[in-house]
Each structure stands twice: as C-alpha cells, then as structure tokens.
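One structure is given here, and the rest of the page talks about it.
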Amino acid sequence: MVQLVGSLRRELAESLSTCKVLVVGAGGIGCELLKNLVLTGFKNIEVIDLDTIDVSNLNRQFLFQKKHVGKSKAQVAKESALQFCPSANITAYHDSIMNPDYNVEFFRKFMLVMNALDNRAARNHVNRMCLAADIPLIESGTAGYLGQVTVIKKGMTECYECQPKPTQKTFPGCTIRNTPSEPIHCIVWAKYLFNQLFGEEDADQEVSPDTADPEAAWNPEDTAARATASEKDGDIKRVSTKEWARSTGYDSVKLFNKLFKDDIMYLLTMDKLWKKRKAPIPLDWQQLENSMRPQEESPASGLKDQQVLGVWGYCQLFQHSVETLRLQLQEKGEGSELVWDKDDPPAMDFVTAAANLRMHIFSMNMKSRFDVKSMAGNIIPAIATTNAVIAGLIVLEGLKILSGELESCRTIFLNKCPNLRKKLLVPCILDPPSANCYVCASKPEVTVKLNVQKTTVLSLQDRILKERFGMVAPDVQIEDGKGTILISSEEGETEANNNKFLGDFGIRNGSRLQADDFLQDYTLLINVLHTEELERDVEFEVVGEAPDKAPPPQNNQEEVNSITNGNKDSAQPSTSSKGEHHWKLSWIKTVKYDKNTRPLKSLGSSRQFHVLHENSHFYSCANITAQRFSNHQLSFQHH
Amino acid sequence: MIDMIEKEDPVISEEEAAQYDRQIRLWGLDAQKRLRGSRVLLAGVGGLGAEVAKNLILAGVKGLTLLDHEQVSEDSCRAQFLVPVTAQGQNRAQASLERAQNLNPMVEVHADPGRIEDKPDDFFLQFDAVCLTGCSRDLMVRVDQLCSKHNIKVFCGDVHGYYGYMFCNLGPEHNYVEEKPKVVKPPADSNDGPEAKKAKIDPNETTMVKKTTSFCTLKEALEVDWTSEKAKAGLKRTPVDYFLLHVLLKFHTDKGRDPDPKSFPEDSQLLRQIRDDVLEALALSADLLNDDFISYCFSEMSPVCAVVGGVLGQEVVKD
C-alpha cells in the first residue's frame, strides 16, 4: 500500500531528508532552487557563490532585500531560507567553485549536484568534476522568457561539452581600430580605451589606428613598410597611450582631439580602406563648442538613461567623465589602475560618451546610455517567473534521479509562448554521450591547427588549454619519447618557457601533446597540425569545427540552447537574418593566480587559489573559430 | 490595458529603474508602467498562492491584496515560504503579510482575512485583475462571470500533488500588442552603418502590432459537451488532465476540501468513484483516466507550485 508523506511516497521522502545536495550559484535560479529544495523536504544542502548582492538582483532574487546589498549571496540566501525552514541544514560558501579546495572528494559527498550558473567556464568545470566523481548533474539556464533544464550522468547521457556550443563572437582588431561598422565595434573600442587610459593596459586592446591592417595596403610590401615607419613615428606606437595621457595631465580636450580628430585623420590617409566604405568624419572640439546651440528642454517622459544626447552632449559627458576618472586614479595612488565596471557611473559614462562620439564619426546613429550599458555590460534581461519555473523543473528532475528513475529524466525547454502543439514546456529524450567528445570520451583527443613558429607556450596554456578547452590548471608534456615537460601547473616551474615558441621545443606538424588537469581528472591528447595559412587575426583553429558563420534564423530550441548556456558570456541574443552577425561579446579579464597557488597533486602544500570577488574574476577565453580573442573582460558580479 | 496609460501615467523613479532594470530591458518601460498602475486580488495563500504573490510583488504591481480565511496549520508552514514557523493558528493572509511586503517595499500589500464566498460583487470591481487559487468550482465560475462583464482579468489555478492547472480569461475582446521585428528598407543614405543596402530585418527595431482576441469564460471551458462531433474530434488532442481537473473539482465541491494524505485510503476510494461518475456523466469511456493519478495528486508539491505559479504569474504580468 502506497504511503504518502505530504505529496511524496514515503521512501522518496525519507531519502530526501538524508541525502546531501550541492547548489552551484545563489542568483536568479539559485534562490528559487534553494526555496524549492527546502520546501520539498531536502534537509542537507550546500550552496556556493562567489558573488555579492547588487540592487539590480532584487527584481528576482527574492531571498535578498535592499538591506543586503553588498553582502555574500550564498550567505544571505542561506539565512533567508532558514527563516522559513529552520530545521534545514544549509552550508554556504562565499567562494568560486573552481577553487581547488572543491576537488573530486568534495563532489563525491553529494548525491546530486545542481548548477545555477551564468557562465560557461564554470559550467564546463562542474561538468568535469561531476564526471570525475560520477555524480548526476542537473544543468540549467535562463534568459528572458526562455529557459531549459537537462540532466547529465556519466556514461548515460551527453555531458555538457559533448555538443560544441556557439562561442562568443569577437571582432578582429582591425575592425575595432580602423573600420567599425556597427555600434558594438565602437563600444568595444571605448572599453579598450578605458583600459588603455585608466586600467590595465593590454597589448590586445589597442585603440590607435592599426597601420599593419592588410586591407589598407595597395601592395603587400606597403604593409611592412607602414609597420616599420610607424615604429619610428612615436605618436602611434612608441609611447603607450597611458603614458601619453599622463603627460598631458589627462587633459580631456587634448585627448578628444587626438582620439576623435588626429587619429581619424590618420585613418583617412589609409585611403584604400575608404574606397568601398563611408569615410569617417573627424571632430574638432573648438568647432563643436562654437557651433553649440542652447539646449532645448526635452520632456523627460522616459528614463533619463534612455535618452540619446546630441554630439555636444557626449563631448561634455566625455570631458566630465575623464575628469572624474582622473581624480579616482589619483586618489588610488601611484601606479594604480581602475577596473571597468558597468555599475560605476563615471566608467559607464566614459564608455557611453567615447562610443557615441566614435559612432557619430563613422556615421552611425548614436545610442542611449541604457542601450550602451546593455551591450557593454553583456546584460541579459531577467525576470523572476522564468527562474521560478526552471527551478521547479530542476527539483522535479532531481526527484526522478533520487527515485532511481534516470530513464524518465528529460531535457525540458521553456518557451516564450505555447508552440504549435500548444506546449509551453517541451520535454526531449536525453541523448547518449558523444563518442567524439573531447571531455567525456574514454580517451579524448583533438587536432589543433596552428603555426608552431608563432604560437607561444603561454598562448597554448591560456588561450588554447584554458579558454578553449576549459582547463583550470593544465600540465603539458610532449610525446617525444622523453616526456619533455612543456607546462607545469606548479607556479614558476615552467615560467621560463612562456614566451618561447612551440617550434623551439621541436614541436612540429604531427607532434602530440598530452595535457592534464589533475583537479578535473581530465587528460586531453592534442595533435598538432602546423600551418602558415591562418586568417587575419586568427591564432589557432580546432579541426573538425566549422568557422563561426552567421547562423541562419534559428528555431526556438536552438535559440534557447545558445542563449541559456553561458549567459554571462553572451550579450543580448538577437535573431538575425542571413548575413548578419550575432554580436555576442564576452568581456573577460585574465586570470591572475596568486603566487602561492599549488595544484592538488602535491599533498600538504597550501592551496590558495586566490579568489578576489568583486571585479577580479579573470578568465581568458579563446575563440573556437577563425577569429582571435583579444583579452576580454568579464564582470562576474552583476547578475 | 492600453487605456491604462492614458488614465494615469505613473513616473518610474530612478530607484525603481535600478531595481527593475533587468525586467525593463525585457518587457520595456511601458509595460513596467502598466504594472506599476495595476491592482491585483489574490485569493488563497497556500503553496501556489505564495508563489504567485512573490512573482507579482517582485514584478512591481501597484497593489496586491491577499485574501484568505484559512488558518495557518502545521502543514502550511512547510508548504509555503511567506508564513513564519511561529505563526500557527493565525490567519494565513495576515501571517504572510510581513514577508510578502519585504519582497518589495514599493508595492502596497494588504491582507484580508475574510471568506471570498462572502464578498459582495463590488468588492471585486476595485481590482484590475483577480487571481483565484484553491477555490471551488462554483465560486470560480461566479467570479469569472462577474469580472468578464466589468473588463477585469481573471486567472485561476490550483495544484494537486504533481498536477496543476491554470486558466485565464482576459475578456471577450482583448486588445494587445505583439512585438514583431521591423522590416527595414534603409534609405540611400543609411545611418545605422555603411553596410549593405538590402532590405533586412533589424533585430533591434521592432514595431508593435495591435491585435484582438477573444477568451471564453470558465463556465464554457468546463461545460464542453463531449457528445458533439466537434468535441469528439478535439478529444484526442485534449490532455487527460482536463478530466482529472473535473474529478478534483468535484471532490472539492463534495467534501469541501482537497484530498488529504492523512486520509489516503478513503480519499483514494472516493477519487476513483468520482472519476467513474464524472466520465460517465460526460458520456466518455472510463478508461480515459486510469488509476495512476490517485497517488500523485495529494497535497501541494512545492516545485509544482513553483512551475504553475511561475506560469500563472507570468500570464498576469504579461497582461
């Protein structure tokens, strides 16, 4: 005779009250999930989140109130949940799940792991940890009205990385520096400019005209000639942008004239670029000031942020923000740097102003601060109800798993409107693992095309192994019969190798490299395919994956897939017709490891993965396709 | 709800803009303003009711009235998250008030301990939308008829174990706008960038297309005549749960309560009986709804409430 405890059959109710579960993330999905878990009767829950609470979270992360802004999400979520279920046993970690403390042993404590994340890197990592520990994982994501839930179980289903996922769209340096054609190019430029002037200078974030642009040359020899000529021309290459700015005392008018007049005039001399494109029109501060007409009173019926100012308005905004930022920098002291943050008003003002001025120069319609913020900050619109539904579905799938009914688990898509068969929620059977998966196949292997004379060891580590293949602390040895160690995850051991080229170690076409990440219990064999023909700004290609073309108009399911996986990494999804690109831009900072970081394999050593919350989550993320990522910056906190 | 804007144009303050930022970016400033001007009645603050309350309060309606005459029992504390564990014996609406209000101080939340059955007609007229959870069939039909006459939107829903349903009636003539991507033919002198000059769908530019649709009343929805040819044809595509709903509504009407896990054996028996009666009365085969449902429809399951509450909440907001 069936016995019920509330809605549940007794055996299930009992197993709920004893098992341990892990929730990764305490944001939109996490809050709803935590609530559902305690109300359903789960008694032992651990929750981890590296972030703190922001006012923009309050429209949906209901365990948080205004008074909690600035505090740890995991901690406050735990406290709020205990309010309505004091008997629950909740452990909160204000930390990153990628910290080596959370090793395979840690994961094995749990019967079930549930992701409530907003970025792909963490999802990849948890995917691998759950495979290593052989624990079922429930993966989910939401964006706007759309959402999905799926179950991952080693050996039985696809893992998170079995299917290649569309990666962030990036733009070639030349487009950013010379020939922007869309607002997003100008916004990216403005963010680079912020870093060049106030933040961490990055060689991949140049803002000055790119004299080595192959498109600019009438003859191939010209390109080389220009490149060498500009080296002598200190204005362009020799002096760093920051040094130059400092030498002018961050004089906003001087900055303005260099960026929006002189540099543009330089671009105009590269006349081939403008044969088929509309040429940019330089701005002159004095002229603009003289021709300024008195402001009309606009009837601010909407939000102030949603208004588009005139050119002079952005000039003033530029001036004002530069001054504020200059003071901020000064206050911080000698040799300090600012970190861009979309919620820091002067930083956001600066990007809004600079991007708009550039848009105007290149004959594009200017955008409101509201819109610029969306694009610059990769904001995914979010509401409470989508997260509520998805979190509910997560628990329902979880119950199936705990009842031993894995076969009845499904991938479920939440649509915006009922589909043709009047379904709002669409379940799909789970696919078996992919035999070629470079993560969960029994002996994962990939082939990478690159130029061994031009790819450095550091690039291999950061762009290929970490960004592209999701490793956190790789160890690499060459399969040359001698087991030569190329990269060691122990800090300092192989640092001397970083700037050498792969070719210097005898790596050539057909060489094989064994890459390991001990924390993830993951080994990947890499076949090297040497080539000298890669496209403009491309550093490497993974063979077997098609270059990132503009996707055709997608059906709902694909859209959900590409949107909800790795939310943080992609900006507003747009349905595009053929020929247009999705401008998914990921803005990611480079990982900075603390000097004392040690990988897990050396027992007894201190394991301090130095995690600075707030802005300092750094990741470098590589592009799967033909275009090289410049270092992008991801702000982890604001979602 | 388009007339709503002309009636009062509440200004969105900077504080609201910051808090509602992520949703304004989804449904736009106008929609947020309409929400900001609407008053909603929520009857029943059980598991489902609490979810709907949370969703509406977070969305930023003007006012939400929680109406519930029931008292907090030991079970209620476990069923929903608005009631403090110390509140046993108190009225459920009043006990939920504080936490509900804390979800969003910008919303006016009221608690009413009265019985919905006792409320006069004009009580309902002060609201723009009414949401009924855990109510009896007759009451829902009555409120639905009353509200449609006065252009008040009606939403109903309930959760039984793993099962749940929702119903909405936005009136016989509901005007709404649908966002459609704009097809742009750029002028010779394109301003959005010197790209190709072909007609293209600009994903960032949309136009609002006005549309009208008609909703049936709850009475009509429940009183489908399954003997008609048209209905028989539609039977295959009708989820079995629709009939389960009939069974559960009848149980509620007959017993004055929902199936209770504490009286599982007797209630199971009764459910089976009602199932047979209902299907017979509708002139349908008894095989349509087999016995499996019985052990899965007791009490309110939190995740199911979350799902139904989410969908229901979203429907209310969308309107």
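Every chain in the structure tokens takes a letter, A first, then B, and so on in the order presented; its residues are numbered from 1, and the ligands are numbered from 1 following the presented order.
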
Write out as a tab-separated table the residues of chain A that have any atom within 6 Å of an atom of chain B, one row each with the nearest atom pair and its distance in Å to one decimal, counting only C-alpha atoms, sorted by chain and then rising number.
```
residue	atom	partner	partner_atom	distance
A:Gly6	CA	B:Ser299	CA	5.8
A:Ser7	CA	B:Ser299	CA	5.2
A:Asn36	CA	B:Pro303	CA	5.7
A:Leu39	CA	B:Arg78	CA	5.9
A:Thr40	CA	B:Ser302	CA	5.6
A:Val55	CA	B:Gln19	CA	5.7
A:Ser56	CA	B:Gln19	CA	4.9
A:Asn59	CA	B:Leu58	CA	5.3
A:Phe84	CA	B:Phe81	CA	5.4
A:Ser181	CA	B:Gly193	CA	5.3
A:Glu182	CA	B:Gly193	CA	5.9
A:Met364	CA	B:Asp192	CA	4.7
A:Asn365	CA	B:Asp192	CA	5.5
A:Pro381	CA	B:Arg22	CA	4.6
A:Ala382	CA	B:Arg22	CA	5.2
A:Ile383	CA	B:Gln23	CA	5.6
A:Thr385	CA	B:Gly310	CA	4.5
A:Ala388	CA	B:Gly310	CA	5.5
A:Val389	CA	B:Val307	CA	4.1
A:Gly392	CA	B:Pro303	CA	4.1
A:Ser574	CA	B:Pro203	CA	5.8
```

### Query
Interatomic distance between CA of Phe198 in chain A and CA of Val351 in chain A?
12.0 Å

### Message
Would you compute the distance between CA of Arg92 in chain B and CA of Ile394 in chain A? Give it in Å to one decimal.
### Response
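Spanning CA of Arg92 in chain B to CA of Ile394 in chain A is a straight-line distance of 28.2 Å.
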
### Message
Which of range 62-205 of chain A end up as helix (DSSP H, G or I) when DSSP is run on this backbone - answer as number ranges by chain?
### Response
A: 66-68, 73-84, 104-108, 120-133, 173-177, 183-198

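The spacing separating CA of Arg39 in chain B from CA of Cys147 in chain B amounts to 14.0 Å.
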
### Message
Please return, as a ChimeraX atom specification, all residues of range 10-161 of chain B that DSSP assigns to strand (DSSP E or B) on the basis of the backbone.
### Response
/B:39-43,63-67,71,91,108-112,129-133,153-161

### Task
Name all residues at most 12 Å from Ile90 in chain A (count only C-alpha atoms; drop same-chain ones fewer than 6 positions away) and give them as a list in words.
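Everything that qualifies: Lys20, Val21, Leu22, Val23, Leu34, Lys35, Leu37, Val38, Phe42, Lys43, Asn44, Ile45, Glu46, Val47, Ile48, Ala74, Gln75, Val76, Ala77, Lys78, Glu79, Ser80, Ala81, Leu82 and Gln83 of chain A.
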
### Query
So, counting only C-alpha atoms, which residue among A:Cys437, A:Ala88, A:Ile29, A:Cys186 is closest to Gln163 in chain A?
A:Cys437

### Nearest residue to Cys19 in chain A from the set A:Leu406, A:Ile264, A:Leu460, A:Leu399 (distances using only C-alpha atoms)
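The closest residue to Cys19 in chain A is A:Leu399.
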